[in-house]
Amino acid sequence: MITGAHMVLFSKDAEADRAFLRDILGTAHVDAGGGWLIFALPPSEMAVHPDAAGGRQQIYLMTDDVAALKAEMEGRGARCTEPVDEGWGVLMTVTLPSGAALGAYQPRHLVPG
C-alpha cells in the first residue's frame with residue numbers, strides 16, 4: 001500500500017537550500033512547477049524513538065563512508081561538523097545555506113533490505 005515517503009525540510013531560505021541540494025549534493029530532482037524542486041532520495045528507513053514530548057522528526061542522510069562524504073562536501077564548499085562516533089554510527093552535520101543542519105551518518109546498526 002505504501003509506495004514511498006515524502007520528507008519536508010522547512011527552511012528560512014528555501015531557494016538557497018534547494019540550490020544546495022541540487023548543486024552541492026547533486027541530488028536528482030524534478031521541477032514541480034515554478035522552480036519548486038522535488039528531490040529524489042535513496043532507499044530509506046524509519047525508526048521510532050521514545051521522547052517525552054513526542055511529535056518531532058529528524059532527517060539524516062546515510063552514507064557508507066562519512067569521512068569521504070565530509071571531504072567531498074567540503075571540497076564543494078559546504079560546511080560540515082567533525083564526525084562523532086555515537087556507537088550506533090558515526091554522525092556529522094552538513095550546514096545548509098539557511099543555517100539549518102542536515103544530519104548525515106554512517107550506520108553501524110543493521111539496515112533493512
# chains A, B, ... in the order shown; residues from 1 in each chain; ligands from 1

call {"tool": "residues_around", "arguments": {"residues": "segment 42-57 of chain A", "least_positions_apart": "6", "cutoff": "9 Å", "atoms": "only C-alpha atoms", "output": "compact mmCIF listing (two decimals) with N, CA and C atoms, in the first residue's frame"}}
result
# COMPACT_ATOMS: atom_id res chain seq x y z
N GLY A 4 6.19 4.90 -0.94
CA GLY A 4 7.37 5.72 -0.67
C GLY A 4 7.09 6.63 0.50
N ALA A 5 8.01 7.55 0.71
CA ALA A 5 7.86 8.54 1.78
C ALA A 5 8.23 9.90 1.22
N VAL A 111 20.75 -2.65 8.74
CA VAL A 111 19.95 -1.82 7.85
C VAL A 111 18.96 -2.72 7.12
N PRO A 112 17.66 -2.41 7.15
CA PRO A 112 16.69 -3.28 6.50
C PRO A 112 16.90 -3.32 4.99

call {"tool": "residues_around", "arguments": {"residues": "Ala71 of chain A", "least_positions_apart": "4", "cutoff": "12 Å", "atoms": "only C-alpha atoms", "output": "NGL selection string"}}
result
:A and (65-67 or 75-83 or 92 or 94)

call {"tool": "closest_residue", "arguments": {"among": "A:Met7, A:Leu69, A:Ile38, A:Leu61", "to": "Arg22 of chain A", "atoms": "only C-alpha atoms"}}
result
A:Ile38

call {"tool": "select_by_dssp", "arguments": {"residues": "segment 44-105 of chain A", "states": "strand (DSSP E or B)", "output": "list in words"}}
result
Tyr60, Leu61, Met62, Arg79, Cys80, Val84, Asp85, Gly89, Val90, Leu91, Met92, Thr93, Val94, Thr95, Ala101, Leu102, Gly103, Ala104 and Tyr105 of chain A

call {"tool": "closest_residue", "arguments": {"among": "A:Gly26, A:Gly33, A:Gly89, A:Gly99", "to": "Ala14 of chain A", "atoms": "only C-alpha atoms"}}
result
A:Gly99

call {"tool": "select_by_dssp", "arguments": {"residues": "chain A", "states": "helix (DSSP H, G or I)", "output": "PDB file with C-alpha atoms, in the first residue's frame"}}
result
ATOM      1  CA  ALA A  14      14.131  27.596   0.735  1.00  0.00           C
ATOM      2  CA  GLU A  15      15.522  28.741  -2.603  1.00  0.00           C
ATOM      3  CA  ALA A  16      19.146  28.684  -1.360  1.00  0.00           C
ATOM      4  CA  ASP A  17      18.661  25.310   0.324  1.00  0.00           C
ATOM      5  CA  ARG A  18      17.092  23.876  -2.852  1.00  0.00           C
ATOM      6  CA  ALA A  19      20.092  25.124  -4.853  1.00  0.00           C
ATOM      7  CA  PHE A  20      22.418  23.498  -2.299  1.00  0.00           C
ATOM      8  CA  LEU A  21      20.643  20.148  -2.600  1.00  0.00           C
ATOM      9  CA  ARG A  22      20.667  20.435  -6.395  1.00  0.00           C
ATOM     10  CA  ASP A  23      24.191  21.813  -6.947  1.00  0.00           C
ATOM     11  CA  ILE A  24      26.303  20.768  -3.951  1.00  0.00           C
ATOM     12  CA  VAL A  66      31.117   9.607   6.493  1.00  0.00           C
ATOM     13  CA  ALA A  67      34.746  10.802   6.263  1.00  0.00           C
ATOM     14  CA  ALA A  68      34.662  10.607   2.454  1.00  0.00           C
ATOM     15  CA  LEU A  69      31.292  12.409   2.383  1.00  0.00           C
ATOM     16  CA  LYS A  70      32.702  15.169   4.609  1.00  0.00           C
ATOM     17  CA  ALA A  71      35.739  15.599   2.349  1.00  0.00           C
ATOM     18  CA  GLU A  72      33.570  15.718  -0.777  1.00  0.00           C
ATOM     19  CA  MET A  73      31.089  18.190   0.722  1.00  0.00           C
ATOM     20  CA  GLU A  74      33.860  20.488   1.976  1.00  0.00           C
ATOM     21  CA  GLY A  75      35.523  20.258  -1.442  1.00  0.00           C
TER      22      GLY A  75
END

call {"tool": "decode", "arguments": {"residues": "segment 6-55 of chain A", "atoms": "N, CA and C atoms", "output": "PDB file, in the first residue's frame"}}
result
ATOM      1  N   HIS A   6       7.546  10.927   1.663  1.00  0.00           N
ATOM      2  CA  HIS A   6       7.834  12.300   1.246  1.00  0.00           C
ATOM      3  C   HIS A   6       8.274  13.057   2.485  1.00  0.00           C
ATOM      4  N   MET A   7       9.487  13.576   2.471  1.00  0.00           N
ATOM      5  CA  MET A   7      10.007  14.323   3.609  1.00  0.00           C
ATOM      6  C   MET A   7      10.046  15.794   3.256  1.00  0.00           C
ATOM      7  N   VAL A   8       9.811  16.649   4.240  1.00  0.00           N
ATOM      8  CA  VAL A   8       9.791  18.091   4.028  1.00  0.00           C
ATOM      9  C   VAL A   8      10.805  18.735   4.968  1.00  0.00           C
ATOM     10  N   LEU A   9      11.663  19.569   4.425  1.00  0.00           N
ATOM     11  CA  LEU A   9      12.547  20.419   5.219  1.00  0.00           C
ATOM     12  C   LEU A   9      11.948  21.819   5.190  1.00  0.00           C
ATOM     13  N   PHE A  10      11.653  22.373   6.331  1.00  0.00           N
ATOM     14  CA  PHE A  10      11.168  23.747   6.399  1.00  0.00           C
ATOM     15  C   PHE A  10      12.387  24.646   6.544  1.00  0.00           C
ATOM     16  N   SER A  11      12.458  25.708   5.756  1.00  0.00           N
ATOM     17  CA  SER A  11      13.673  26.498   5.650  1.00  0.00           C
ATOM     18  C   SER A  11      13.400  27.992   5.703  1.00  0.00           C
ATOM     19  N   LYS A  12      14.330  28.732   6.295  1.00  0.00           N
ATOM     20  CA  LYS A  12      14.271  30.198   6.288  1.00  0.00           C
ATOM     21  C   LYS A  12      14.639  30.742   4.912  1.00  0.00           C
ATOM     22  N   ASP A  13      15.349  29.937   4.109  1.00  0.00           N
ATOM     23  CA  ASP A  13      15.767  30.345   2.762  1.00  0.00           C
ATOM     24  C   ASP A  13      15.642  29.137   1.843  1.00  0.00           C
ATOM     25  N   ALA A  14      14.414  28.805   1.506  1.00  0.00           N
ATOM     26  CA  ALA A  14      14.131  27.596   0.735  1.00  0.00           C
ATOM     27  C   ALA A  14      14.843  27.579  -0.617  1.00  0.00           C
ATOM     28  N   GLU A  15      14.885  28.707  -1.287  1.00  0.00           N
ATOM     29  CA  GLU A  15      15.522  28.741  -2.603  1.00  0.00           C
ATOM     30  C   GLU A  15      17.010  28.402  -2.512  1.00  0.00           C
ATOM     31  N   ALA A  16      17.712  28.967  -1.530  1.00  0.00           N
ATOM     32  CA  ALA A  16      19.146  28.684  -1.360  1.00  0.00           C
ATOM     33  C   ALA A  16      19.361  27.228  -0.962  1.00  0.00           C
ATOM     34  N   ASP A  17      18.507  26.704  -0.089  1.00  0.00           N
ATOM     35  CA  ASP A  17      18.661  25.310   0.324  1.00  0.00           C
ATOM     36  C   ASP A  17      18.350  24.358  -0.824  1.00  0.00           C
ATOM     37  N   ARG A  18      17.363  24.700  -1.663  1.00  0.00           N
ATOM     38  CA  ARG A  18      17.092  23.876  -2.852  1.00  0.00           C
ATOM     39  C   ARG A  18      18.293  23.881  -3.791  1.00  0.00           C
ATOM     40  N   ALA A  19      18.902  25.044  -3.994  1.00  0.00           N
ATOM     41  CA  ALA A  19      20.092  25.124  -4.853  1.00  0.00           C
ATOM     42  C   ALA A  19      21.229  24.288  -4.274  1.00  0.00           C
ATOM     43  N   PHE A  20      21.391  24.304  -2.956  1.00  0.00           N
ATOM     44  CA  PHE A  20      22.418  23.498  -2.299  1.00  0.00           C
ATOM     45  C   PHE A  20      22.182  22.010  -2.563  1.00  0.00           C
ATOM     46  N   LEU A  21      20.954  21.561  -2.362  1.00  0.00           N
ATOM     47  CA  LEU A  21      20.643  20.148  -2.600  1.00  0.00           C
ATOM     48  C   LEU A  21      20.865  19.777  -4.067  1.00  0.00           C
ATOM     49  N   ARG A  22      20.510  20.679  -4.956  1.00  0.00           N
ATOM     50  CA  ARG A  22      20.667  20.435  -6.395  1.00  0.00           C
ATOM     51  C   ARG A  22      22.132  20.487  -6.812  1.00  0.00           C
ATOM     52  N   ASP A  23      22.856  21.554  -6.414  1.00  0.00           N
ATOM     53  CA  ASP A  23      24.191  21.813  -6.947  1.00  0.00           C
ATOM     54  C   ASP A  23      25.330  21.221  -6.114  1.00  0.00           C
ATOM     55  N   ILE A  24      25.229  21.261  -4.805  1.00  0.00           N
ATOM     56  CA  ILE A  24      26.303  20.768  -3.951  1.00  0.00           C
ATOM     57  C   ILE A  24      26.147  19.275  -3.688  1.00  0.00           C
ATOM     58  N   LEU A  25      24.944  18.857  -3.276  1.00  0.00           N
ATOM     59  CA  LEU A  25      24.734  17.424  -3.058  1.00  0.00           C
ATOM     60  C   LEU A  25      24.513  16.675  -4.366  1.00  0.00           C
ATOM     61  N   GLY A  26      24.130  17.394  -5.423  1.00  0.00           N
ATOM     62  CA  GLY A  26      23.921  16.741  -6.720  1.00  0.00           C
ATOM     63  C   GLY A  26      22.717  15.815  -6.728  1.00  0.00           C
ATOM     64  N   THR A  27      21.701  16.156  -5.951  1.00  0.00           N
ATOM     65  CA  THR A  27      20.528  15.311  -5.817  1.00  0.00           C
ATOM     66  C   THR A  27      19.641  15.409  -7.053  1.00  0.00           C
ATOM     67  N   ALA A  28      19.281  14.252  -7.609  1.00  0.00           N
ATOM     68  CA  ALA A  28      18.357  14.220  -8.746  1.00  0.00           C
ATOM     69  C   ALA A  28      17.044  14.864  -8.320  1.00  0.00           C
ATOM     70  N   HIS A  29      16.395  15.564  -9.249  1.00  0.00           N
ATOM     71  CA  HIS A  29      15.183  16.293  -8.903  1.00  0.00           C
ATOM     72  C   HIS A  29      14.307  16.505 -10.122  1.00  0.00           C
ATOM     73  N   VAL A  30      13.089  16.905  -9.857  1.00  0.00           N
ATOM     74  CA  VAL A  30      12.164  17.353 -10.894  1.00  0.00           C
ATOM     75  C   VAL A  30      11.642  18.715 -10.467  1.00  0.00           C
ATOM     76  N   ASP A  31      11.252  19.510 -11.433  1.00  0.00           N
ATOM     77  CA  ASP A  31      10.633  20.797 -11.148  1.00  0.00           C
ATOM     78  C   ASP A  31       9.128  20.579 -11.195  1.00  0.00           C
ATOM     79  N   ALA A  32       8.482  20.724 -10.050  1.00  0.00           N
ATOM     80  CA  ALA A  32       7.040  20.507  -9.966  1.00  0.00           C
ATOM     81  C   ALA A  32       6.262  21.716 -10.462  1.00  0.00           C
ATOM     82  N   GLY A  33       7.001  22.756 -10.890  1.00  0.00           N
ATOM     83  CA  GLY A  33       6.371  23.959 -11.417  1.00  0.00           C
ATOM     84  C   GLY A  33       6.856  25.190 -10.689  1.00  0.00           C
ATOM     85  N   GLY A  34       7.258  26.190 -11.440  1.00  0.00           N
ATOM     86  CA  GLY A  34       7.679  27.448 -10.857  1.00  0.00           C
ATOM     87  C   GLY A  34       8.949  27.371 -10.027  1.00  0.00           C
ATOM     88  N   GLY A  35       9.810  26.429 -10.348  1.00  0.00           N
ATOM     89  CA  GLY A  35      11.054  26.295  -9.592  1.00  0.00           C
ATOM     90  C   GLY A  35      10.916  25.526  -8.292  1.00  0.00           C
ATOM     91  N   TRP A  36       9.763  24.948  -8.040  1.00  0.00           N
ATOM     92  CA  TRP A  36       9.523  24.165  -6.836  1.00  0.00           C
ATOM     93  C   TRP A  36      10.104  22.767  -7.068  1.00  0.00           C
ATOM     94  N   LEU A  37      11.310  22.546  -6.564  1.00  0.00           N
ATOM     95  CA  LEU A  37      12.021  21.302  -6.834  1.00  0.00           C
ATOM     96  C   LEU A  37      11.631  20.212  -5.841  1.00  0.00           C
ATOM     97  N   ILE A  38      11.437  19.015  -6.370  1.00  0.00           N
ATOM     98  CA  ILE A  38      11.194  17.818  -5.563  1.00  0.00           C
ATOM     99  C   ILE A  38      12.403  16.915  -5.790  1.00  0.00           C
ATOM    100  N   PHE A  39      13.064  16.530  -4.708  1.00  0.00           N
ATOM    101  CA  PHE A  39      14.321  15.784  -4.794  1.00  0.00           C
ATOM    102  C   PHE A  39      14.108  14.298  -4.582  1.00  0.00           C
ATOM    103  N   ALA A  40      14.830  13.510  -5.370  1.00  0.00           N
ATOM    104  CA  ALA A  40      14.820  12.061  -5.200  1.00  0.00           C
ATOM    105  C   ALA A  40      15.649  11.712  -3.965  1.00  0.00           C
ATOM    106  N   LEU A  41      15.265  10.661  -3.308  1.00  0.00           N
ATOM    107  CA  LEU A  41      16.025  10.149  -2.178  1.00  0.00           C
ATOM    108  C   LEU A  41      16.351   8.683  -2.421  1.00  0.00           C
ATOM    109  N   PRO A  42      17.462   8.246  -1.875  1.00  0.00           N
ATOM    110  CA  PRO A  42      17.771   6.821  -1.970  1.00  0.00           C
ATOM    111  C   PRO A  42      16.823   6.038  -1.063  1.00  0.00           C
ATOM    112  N   PRO A  43      16.911   4.716  -1.095  1.00  0.00           N
ATOM    113  CA  PRO A  43      16.063   3.931  -0.183  1.00  0.00           C
ATOM    114  C   PRO A  43      16.182   4.471   1.243  1.00  0.00           C
ATOM    115  N   SER A  44      15.095   4.389   1.977  1.00  0.00           N
ATOM    116  CA  SER A  44      15.037   4.984   3.298  1.00  0.00           C
ATOM    117  C   SER A  44      14.644   3.955   4.342  1.00  0.00           C
ATOM    118  N   GLU A  45      14.795   4.360   5.579  1.00  0.00           N
ATOM    119  CA  GLU A  45      14.336   3.565   6.700  1.00  0.00           C
ATOM    120  C   GLU A  45      13.723   4.518   7.717  1.00  0.00           C
ATOM    121  N   MET A  46      12.945   3.993   8.648  1.00  0.00           N
ATOM    122  CA  MET A  46      12.334   4.833   9.670  1.00  0.00           C
ATOM    123  C   MET A  46      12.430   4.102  11.001  1.00  0.00           C
ATOM    124  N   ALA A  47      12.772   4.828  12.036  1.00  0.00           N
ATOM    125  CA  ALA A  47      12.813   4.277  13.387  1.00  0.00           C
ATOM    126  C   ALA A  47      11.893   5.111  14.269  1.00  0.00           C
ATOM    127  N   VAL A  48      11.442   4.533  15.356  1.00  0.00           N
ATOM    128  CA  VAL A  48      10.616   5.242  16.326  1.00  0.00           C
ATOM    129  C   VAL A  48      11.362   5.224  17.648  1.00  0.00           C
ATOM    130  N   HIS A  49      11.695   6.405  18.151  1.00  0.00           N
ATOM    131  CA  HIS A  49      12.433   6.540  19.407  1.00  0.00           C
ATOM    132  C   HIS A  49      11.510   7.118  20.473  1.00  0.00           C
ATOM    133  N   PRO A  50      11.688   6.708  21.729  1.00  0.00           N
ATOM    134  CA  PRO A  50      10.885   7.312  22.789  1.00  0.00           C
ATOM    135  C   PRO A  50      11.270   8.772  22.996  1.00  0.00           C
ATOM    136  N   ASP A  51      10.276   9.611  23.303  1.00  0.00           N
ATOM    137  CA  ASP A  51      10.509  11.025  23.552  1.00  0.00           C
ATOM    138  C   ASP A  51       9.348  11.541  24.402  1.00  0.00           C
ATOM    139  N   ALA A  52       9.661  12.114  25.543  1.00  0.00           N
ATOM    140  CA  ALA A  52       8.607  12.544  26.475  1.00  0.00           C
ATOM    141  C   ALA A  52       7.629  13.525  25.832  1.00  0.00           C
ATOM    142  N   ALA A  53       8.140  14.456  25.026  1.00  0.00           N
ATOM    143  CA  ALA A  53       7.260  15.442  24.390  1.00  0.00           C
ATOM    144  C   ALA A  53       6.600  14.878  23.140  1.00  0.00           C
ATOM    145  N   GLY A  54       7.303  14.041  22.409  1.00  0.00           N
ATOM    146  CA  GLY A  54       6.774  13.453  21.171  1.00  0.00           C
ATOM    147  C   GLY A  54       6.552  14.492  20.089  1.00  0.00           C
ATOM    148  N   GLY A  55       6.182  14.031  18.901  1.00  0.00           N
ATOM    149  CA  GLY A  55       5.783  14.914  17.824  1.00  0.00           C
ATOM    150  C   GLY A  55       6.893  15.555  17.024  1.00  0.00           C
TER     151      GLY A  55
END
